[in-house]
Amino acid sequence: MNVIEKIDFLSDALWASTRIPTFHFRTDLSLVRSNSVWENHLCNFFRFNVGSIIQPDGLKTGTMPILFIDSLFLNWMIQPYRLDRTDIYLVLGPVFETSISGSTFKRQMDIQKMTVSSQINFLKMVKDFPVLSNQQLFHYMAMFHYAIFKHTITYKDLTLKRVQQPTPPNAAFPNLDKFDILPSHGSQAHEKLLLRNVREGNIDYTHPASDILAIQNNTIGILCPGNPLRQAKDSIIVYIALVTRAAVEGGLSMETAYSLSDYYIQKLEMTDSVSDIYELAQDMYDTFVHAVHLIRHQTPYSQSIQFAIEYICKHIYDEIDIDALAKDLGYNTYYMTKLFKKETGTSMKEYILKEKVENAKILLKTTGLDINEVSDSLSFHSSSYFSTAFKKIAGCTPLEYRKQSEES
């Protein structure tokens with residue numbers, strides 16, 4: 001068995017047992033081959049991040065493995081080697097060293113100023129990234145290293161490289177006396193009540209809209225002294241962030257929650273009246289509460305159908321396999337689809353299609369994604385099928401819907 005056969009054997013075994021993909025790059029970072037199902041997206045992201053550690057001299061063929069931590073705290077293991085007179089980088093990953101919540105990962109993507117389309121792709125990919133200690137990832141790379149160089153290495157031979165994360169120029173605690181800071185930010189009772197209503201989808205809440213003003217004046221504090229309009233906008237942006245996070249915790253999909261968040265923040269920035277800002281905040285709050293309510297408190301179904309509906313909502317951006325879903329519930333596909341139709345009044349396929357169109361409306365209304373990107377984000381087989389399905393359910397084409405939304 002030659003070196004390439006050994007590497008390919010280990011790559012297949014690693015993927016089958018851990019779902020960790022392998023990549024082979026030339027020194028100009030052009031791809032030789034990989035076994036990743038997310039090849040294009042991951043290759044582009046890796047190239048963007050790793051450039052700072054391989055330039056200008058590159059990684060030498062004889063160097064020990066390198067643990068690379070990128071801007072999203074994803075870990076990669078890199079081993080330079082030589083193949084047929086060509087320098088190659090063997091890459092394992094990405095993996096997380098520890099589990100990470102979707103909201104934390106989304107915030108990190110925001111910090112990196114990733115585009116909406118890139119964020120959607122990563123939110124679809126992230127569930128496939130294994131959680132693995134650096135030591136275990138190194139052990140896997142040590143097997144590849146032995147197959148290539150025929151000698152063993154230890155963990156102390158590993159080199160760590162990371163993308164520098166943004167840090168404030170002065171980490172010292174600021175002198176608050178120089179700024180207009182409230183001596184007390186009051187009670188968090190209003191905030192806890194408001195966010196609990198969102199998290200539970202409680203559409204019967206009775207608190208007045210003035211509670212939002214109480215949060216702005218007491219809990220959030222003074223963000224922009226001397227400018228009431230900017231103060232109102234900044235405080236409501238903070239409030240939107242809190243509500244968005246509570247909605248995700250309540251079961252609303254991250255894609256839907258953050259798209260709604262972006263929509264209301266953009267609308268907020270175009271508002272020139274403080275009173276209109278608070279009306280918009282109330283509308284935002286009502287929308288999030290009702291969105292969570294639809295997920296958590298729909299017309300009662302059997303436990304199996306409720307599970308199927310929740311599964312569809314959580315995986316609406318994926319290509320949903322009805323056969324696999326039925327198997328997870330312990331039913332055959334025929335019985336499962338018949339039971340779903342009996343309880344909901346619609347077929348499972350039609351239900352999935354309707355939910356995808358509803359999420360497509362949010363993307364069309366709140367993002368700049370083109371029709372092909374919206375179609376791809378929701379895992380439609382083609383943009384023409386997406387447009388046909390959208391018109392059948394919404395009564396207009398995706399372009400017509402976007403135009404109507406912009407005019408309203």
# chains A, B, ... in the order shown; residues from 1 in each chain; ligands from 1
>>> residues_around(residues="Ser259 (chain A)", least_positions_apart="2", cutoff="12 Å", atoms="only C-alpha atoms", output="number ranges by chain")
A: 106, 116-117, 119-120, 240-241, 244, 248, 252-257, 261-266, 288, 359-369
>>> select_by_dssp(residues="region 343-394 of chain A", states="alpha helix (DSSP H)", output="PyMOL selection string")
chain A and resi 343-344+348-366+371-377+383-394
>>> residues_around(residues="Val198 (chain A)", least_positions_apart="2", cutoff="8 Å", atoms="only C-alpha atoms", output="PDB file with N, CA, C and O atoms, in the first residue's frame")
ATOM      1  N   LEU A 194     -41.117  40.393  30.211  1.00  0.00           N
ATOM      2  CA  LEU A 194     -41.253  40.528  28.763  1.00  0.00           C
ATOM      3  C   LEU A 194     -40.601  39.361  28.027  1.00  0.00           C
ATOM      4  O   LEU A 194     -41.176  38.807  27.085  1.00  0.00           O
ATOM      5  N   LEU A 195     -39.421  38.986  28.453  1.00  0.00           N
ATOM      6  CA  LEU A 195     -38.700  37.920  27.760  1.00  0.00           C
ATOM      7  C   LEU A 195     -39.318  36.555  28.034  1.00  0.00           C
ATOM      8  O   LEU A 195     -39.278  35.675  27.171  1.00  0.00           O
ATOM      9  N   ARG A 196     -39.903  36.365  29.216  1.00  0.00           N
ATOM     10  CA  ARG A 196     -40.575  35.102  29.490  1.00  0.00           C
ATOM     11  C   ARG A 196     -41.787  34.939  28.577  1.00  0.00           C
ATOM     12  O   ARG A 196     -42.070  33.842  28.087  1.00  0.00           O
ATOM     13  N   GLU A 200     -42.126  31.769  26.030  1.00  0.00           N
ATOM     14  CA  GLU A 200     -43.254  30.846  26.187  1.00  0.00           C
ATOM     15  C   GLU A 200     -44.324  31.051  25.122  1.00  0.00           C
ATOM     16  O   GLU A 200     -45.306  30.308  25.082  1.00  0.00           O
ATOM     17  N   GLY A 201     -44.151  32.083  24.269  1.00  0.00           N
ATOM     18  CA  GLY A 201     -45.159  32.361  23.257  1.00  0.00           C
ATOM     19  C   GLY A 201     -46.491  32.744  23.858  1.00  0.00           C
ATOM     20  O   GLY A 201     -47.560  32.378  23.359  1.00  0.00           O
ATOM     21  N   ASN A 202     -46.457  33.533  24.946  1.00  0.00           N
ATOM     22  CA  ASN A 202     -47.668  33.910  25.680  1.00  0.00           C
ATOM     23  C   ASN A 202     -48.359  35.109  25.021  1.00  0.00           C
ATOM     24  O   ASN A 202     -48.023  36.256  25.274  1.00  0.00           O
ATOM     25  N   VAL A 243     -34.914  40.052  22.736  1.00  0.00           N
ATOM     26  CA  VAL A 243     -36.134  39.367  22.311  1.00  0.00           C
ATOM     27  C   VAL A 243     -35.803  38.259  21.315  1.00  0.00           C
ATOM     28  O   VAL A 243     -36.362  37.155  21.386  1.00  0.00           O
ATOM     29  N   ALA A 246     -34.459  35.296  23.163  1.00  0.00           N
ATOM     30  CA  ALA A 246     -35.528  34.611  23.895  1.00  0.00           C
ATOM     31  C   ALA A 246     -36.392  33.796  22.942  1.00  0.00           C
ATOM     32  O   ALA A 246     -36.839  32.694  23.281  1.00  0.00           O
ATOM     33  N   ALA A 247     -36.631  34.313  21.730  1.00  0.00           N
ATOM     34  CA  ALA A 247     -37.449  33.599  20.752  1.00  0.00           C
ATOM     35  C   ALA A 247     -36.761  32.308  20.300  1.00  0.00           C
ATOM     36  O   ALA A 247     -37.411  31.267  20.144  1.00  0.00           O
ATOM     37  N   GLY A 250     -37.154  29.827  22.795  1.00  0.00           N
ATOM     38  CA  GLY A 250     -38.528  29.333  22.810  1.00  0.00           C
ATOM     39  C   GLY A 250     -38.854  28.372  21.686  1.00  0.00           C
ATOM     40  O   GLY A 250     -39.962  27.819  21.657  1.00  0.00           O
ATOM     41  N   TYR A 285     -42.227  43.168  19.134  1.00  0.00           N
ATOM     42  CA  TYR A 285     -42.471  42.278  20.271  1.00  0.00           C
ATOM     43  C   TYR A 285     -43.658  41.355  19.981  1.00  0.00           C
ATOM     44  O   TYR A 285     -43.582  40.135  20.190  1.00  0.00           O
ATOM     45  N   PHE A 288     -42.740  38.567  17.436  1.00  0.00           N
ATOM     46  CA  PHE A 288     -41.930  37.487  17.991  1.00  0.00           C
ATOM     47  C   PHE A 288     -42.769  36.593  18.912  1.00  0.00           C
ATOM     48  O   PHE A 288     -42.651  35.365  18.877  1.00  0.00           O
ATOM     49  N   VAL A 289     -43.596  37.193  19.744  1.00  0.00           N
ATOM     50  CA  VAL A 289     -44.431  36.404  20.656  1.00  0.00           C
ATOM     51  C   VAL A 289     -45.348  35.473  19.863  1.00  0.00           C
ATOM     52  O   VAL A 289     -45.474  34.282  20.171  1.00  0.00           O
ATOM     53  N   VAL A 292     -43.425  32.517  18.139  1.00  0.00           N
ATOM     54  CA  VAL A 292     -43.114  31.431  19.069  1.00  0.00           C
ATOM     55  C   VAL A 292     -44.390  30.685  19.449  1.00  0.00           C
ATOM     56  O   VAL A 292     -44.395  29.456  19.572  1.00  0.00           O
TER      57      VAL A 292
END
>>> residues_around(residues="region 340-354 of chain A", least_positions_apart="4", cutoff="12 Å", atoms="only C-alpha atoms", output="PyMOL selection string")
chain A and resi 298-323+325-326+331+333-336+358-361+375+378-380+385-394
>>> residues_around(residues="Leu280 (chain A)", least_positions_apart="6", cutoff="9 Å", atoms="only C-alpha atoms", output="short mmCIF file (atom, residue, chain, number, x, y, z; two decimals) with all heavy atoms, in the first residue's frame")
data_model
loop_
_atom_site.label_atom_id
_atom_site.label_comp_id
_atom_site.auth_asym_id
_atom_site.auth_seq_id
_atom_site.Cartn_x
_atom_site.Cartn_y
_atom_site.Cartn_z
N TYR A 264 -36.34 44.30 11.52
CA TYR A 264 -36.80 45.37 12.41
C TYR A 264 -35.70 46.40 12.69
O TYR A 264 -35.97 47.59 12.83
CB TYR A 264 -37.33 44.78 13.72
CG TYR A 264 -38.76 44.30 13.59
CD1 TYR A 264 -39.06 42.95 13.53
CD2 TYR A 264 -39.80 45.22 13.50
CE1 TYR A 264 -40.37 42.52 13.39
CE2 TYR A 264 -41.11 44.80 13.35
CZ TYR A 264 -41.39 43.45 13.29
OH TYR A 264 -42.69 43.03 13.14
N LYS A 267 -35.61 48.60 9.64
CA LYS A 267 -36.78 49.47 9.64
C LYS A 267 -36.62 50.57 10.70
O LYS A 267 -37.01 51.72 10.50
CB LYS A 267 -38.03 48.63 9.91
CG LYS A 267 -39.29 49.21 9.28
CD LYS A 267 -40.44 48.23 9.34
CE LYS A 267 -41.66 48.87 8.67
NZ LYS A 267 -42.86 48.03 8.81
N LEU A 268 -36.03 50.20 11.82
CA LEU A 268 -35.77 51.14 12.91
C LEU A 268 -34.87 52.27 12.44
O LEU A 268 -35.12 53.45 12.75
CB LEU A 268 -35.13 50.39 14.07
CG LEU A 268 -34.77 51.18 15.33
CD1 LEU A 268 -36.02 51.53 16.10
CD2 LEU A 268 -33.83 50.37 16.20
N THR A 271 -36.51 55.13 10.68
CA THR A 271 -37.55 55.85 11.42
C THR A 271 -36.99 57.12 12.03
O THR A 271 -35.91 57.12 12.61
CB THR A 271 -38.12 54.94 12.53
OG1 THR A 271 -38.60 53.73 11.95
CG2 THR A 271 -39.26 55.63 13.27
#
>>> atom_distance(atom1="CA of Arg82 (chain A)", atom2="CA of His151 (chain A)")
15.5 Å
>>> closest_residue(among="A:Tyr140, A:Phe149, A:Phe122, A:Phe45", to="Ala13 (chain A)", atoms="only C-alpha atoms")
A:Tyr140
>>> decode(residues="region 248-271 of chain A", atoms="N, CA, C and O atoms", output="mmCIF file, in the first residue's frame")
data_model
loop_
_atom_site.group_PDB
_atom_site.id
_atom_site.type_symbol
_atom_site.label_atom_id
_atom_site.label_comp_id
_atom_site.auth_asym_id
_atom_site.auth_seq_id
_atom_site.Cartn_x
_atom_site.Cartn_y
_atom_site.Cartn_z
ATOM 1 N N VAL A 248 -35.440 32.368 20.094
ATOM 2 C CA VAL A 248 -34.693 31.164 19.720
ATOM 3 C C VAL A 248 -34.771 30.134 20.844
ATOM 4 O O VAL A 248 -34.966 28.941 20.599
ATOM 5 N N GLU A 249 -34.638 30.596 22.084
ATOM 6 C CA GLU A 249 -34.753 29.691 23.225
ATOM 7 C C GLU A 249 -36.152 29.090 23.304
ATOM 8 O O GLU A 249 -36.333 27.973 23.792
ATOM 9 N N GLY A 250 -37.154 29.827 22.795
ATOM 10 C CA GLY A 250 -38.528 29.333 22.810
ATOM 11 C C GLY A 250 -38.854 28.372 21.686
ATOM 12 O O GLY A 250 -39.962 27.819 21.657
ATOM 13 N N GLY A 251 -37.913 28.192 20.750
ATOM 14 C CA GLY A 251 -38.136 27.223 19.686
ATOM 15 C C GLY A 251 -38.175 27.786 18.283
ATOM 16 O O GLY A 251 -38.235 27.038 17.300
ATOM 17 N N LEU A 252 -38.136 29.121 18.131
ATOM 18 C CA LEU A 252 -38.127 29.717 16.799
ATOM 19 C C LEU A 252 -36.776 29.429 16.145
ATOM 20 O O LEU A 252 -35.737 29.534 16.798
ATOM 21 N N SER A 253 -36.781 29.067 14.880
ATOM 22 C CA SER A 253 -35.519 28.744 14.216
ATOM 23 C C SER A 253 -34.609 29.971 14.190
ATOM 24 O O SER A 253 -35.078 31.111 14.109
ATOM 25 N N MET A 254 -33.295 29.730 14.271
ATOM 26 C CA MET A 254 -32.342 30.836 14.273
ATOM 27 C C MET A 254 -32.448 31.664 13.000
ATOM 28 O O MET A 254 -32.354 32.888 13.032
ATOM 29 N N GLU A 255 -32.628 30.979 11.840
ATOM 30 C CA GLU A 255 -32.708 31.710 10.585
ATOM 31 C C GLU A 255 -33.887 32.681 10.596
ATOM 32 O O GLU A 255 -33.763 33.845 10.214
ATOM 33 N N THR A 256 -35.049 32.200 11.062
ATOM 34 C CA THR A 256 -36.233 33.048 11.111
ATOM 35 C C THR A 256 -36.053 34.176 12.124
ATOM 36 O O THR A 256 -36.346 35.339 11.832
ATOM 37 N N ALA A 257 -35.554 33.839 13.305
ATOM 38 C CA ALA A 257 -35.405 34.843 14.370
ATOM 39 C C ALA A 257 -34.451 35.956 13.959
ATOM 40 O O ALA A 257 -34.755 37.150 14.113
ATOM 41 N N TYR A 258 -33.293 35.592 13.420
ATOM 42 C CA TYR A 258 -32.313 36.613 13.079
ATOM 43 C C TYR A 258 -32.704 37.387 11.824
ATOM 44 O O TYR A 258 -32.318 38.547 11.661
ATOM 45 N N SER A 259 -33.451 36.764 10.928
ATOM 46 C CA SER A 259 -33.955 37.511 9.772
ATOM 47 C C SER A 259 -34.974 38.559 10.223
ATOM 48 O O SER A 259 -34.966 39.699 9.751
ATOM 49 N N LEU A 260 -35.854 38.162 11.152
ATOM 50 C CA LEU A 260 -36.800 39.140 11.716
ATOM 51 C C LEU A 260 -36.047 40.252 12.444
ATOM 52 O O LEU A 260 -36.406 41.433 12.334
ATOM 53 N N SER A 261 -35.008 39.886 13.190
ATOM 54 C CA SER A 261 -34.208 40.880 13.900
ATOM 55 C C SER A 261 -33.602 41.890 12.929
ATOM 56 O O SER A 261 -33.690 43.105 13.134
ATOM 57 N N ASP A 262 -33.001 41.383 11.850
ATOM 58 C CA ASP A 262 -32.411 42.281 10.848
ATOM 59 C C ASP A 262 -33.469 43.191 10.229
ATOM 60 O O ASP A 262 -33.225 44.383 9.995
ATOM 61 N N TYR A 263 -34.641 42.618 9.957
ATOM 62 C CA TYR A 263 -35.723 43.399 9.345
ATOM 63 C C TYR A 263 -36.126 44.565 10.238
ATOM 64 O O TYR A 263 -36.228 45.716 9.767
ATOM 65 N N TYR A 264 -36.340 44.297 11.523
ATOM 66 C CA TYR A 264 -36.796 45.372 12.411
ATOM 67 C C TYR A 264 -35.696 46.399 12.688
ATOM 68 O O TYR A 264 -35.973 47.593 12.827
ATOM 69 N N ILE A 265 -34.442 45.964 12.742
ATOM 70 C CA ILE A 265 -33.360 46.924 12.953
ATOM 71 C C ILE A 265 -33.225 47.835 11.735
ATOM 72 O O ILE A 265 -33.035 49.056 11.874
ATOM 73 N N GLN A 266 -33.334 47.253 10.531
ATOM 74 C CA GLN A 266 -33.264 48.081 9.328
ATOM 75 C C GLN A 266 -34.424 49.072 9.264
ATOM 76 O O GLN A 266 -34.262 50.233 8.885
ATOM 77 N N LYS A 267 -35.611 48.598 9.637
ATOM 78 C CA LYS A 267 -36.777 49.472 9.639
ATOM 79 C C LYS A 267 -36.623 50.569 10.700
ATOM 80 O O LYS A 267 -37.008 51.719 10.496
ATOM 81 N N LEU A 268 -36.026 50.196 11.822
ATOM 82 C CA LEU A 268 -35.772 51.138 12.908
ATOM 83 C C LEU A 268 -34.870 52.272 12.442
ATOM 84 O O LEU A 268 -35.118 53.454 12.745
ATOM 85 N N GLU A 269 -33.823 51.928 11.699
ATOM 86 C CA GLU A 269 -32.871 52.944 11.249
ATOM 87 C C GLU A 269 -33.490 53.929 10.261
ATOM 88 O O GLU A 269 -32.988 55.040 10.076
ATOM 89 N N MET A 270 -34.585 53.535 9.637
ATOM 90 C CA MET A 270 -35.250 54.445 8.692
ATOM 91 C C MET A 270 -36.348 55.275 9.351
ATOM 92 O O MET A 270 -37.031 56.053 8.688
ATOM 93 N N THR A 271 -36.509 55.134 10.678
ATOM 94 C CA THR A 271 -37.551 55.847 11.417
ATOM 95 C C THR A 271 -36.985 57.121 12.027
ATOM 96 O O THR A 271 -35.910 57.116 12.611
#
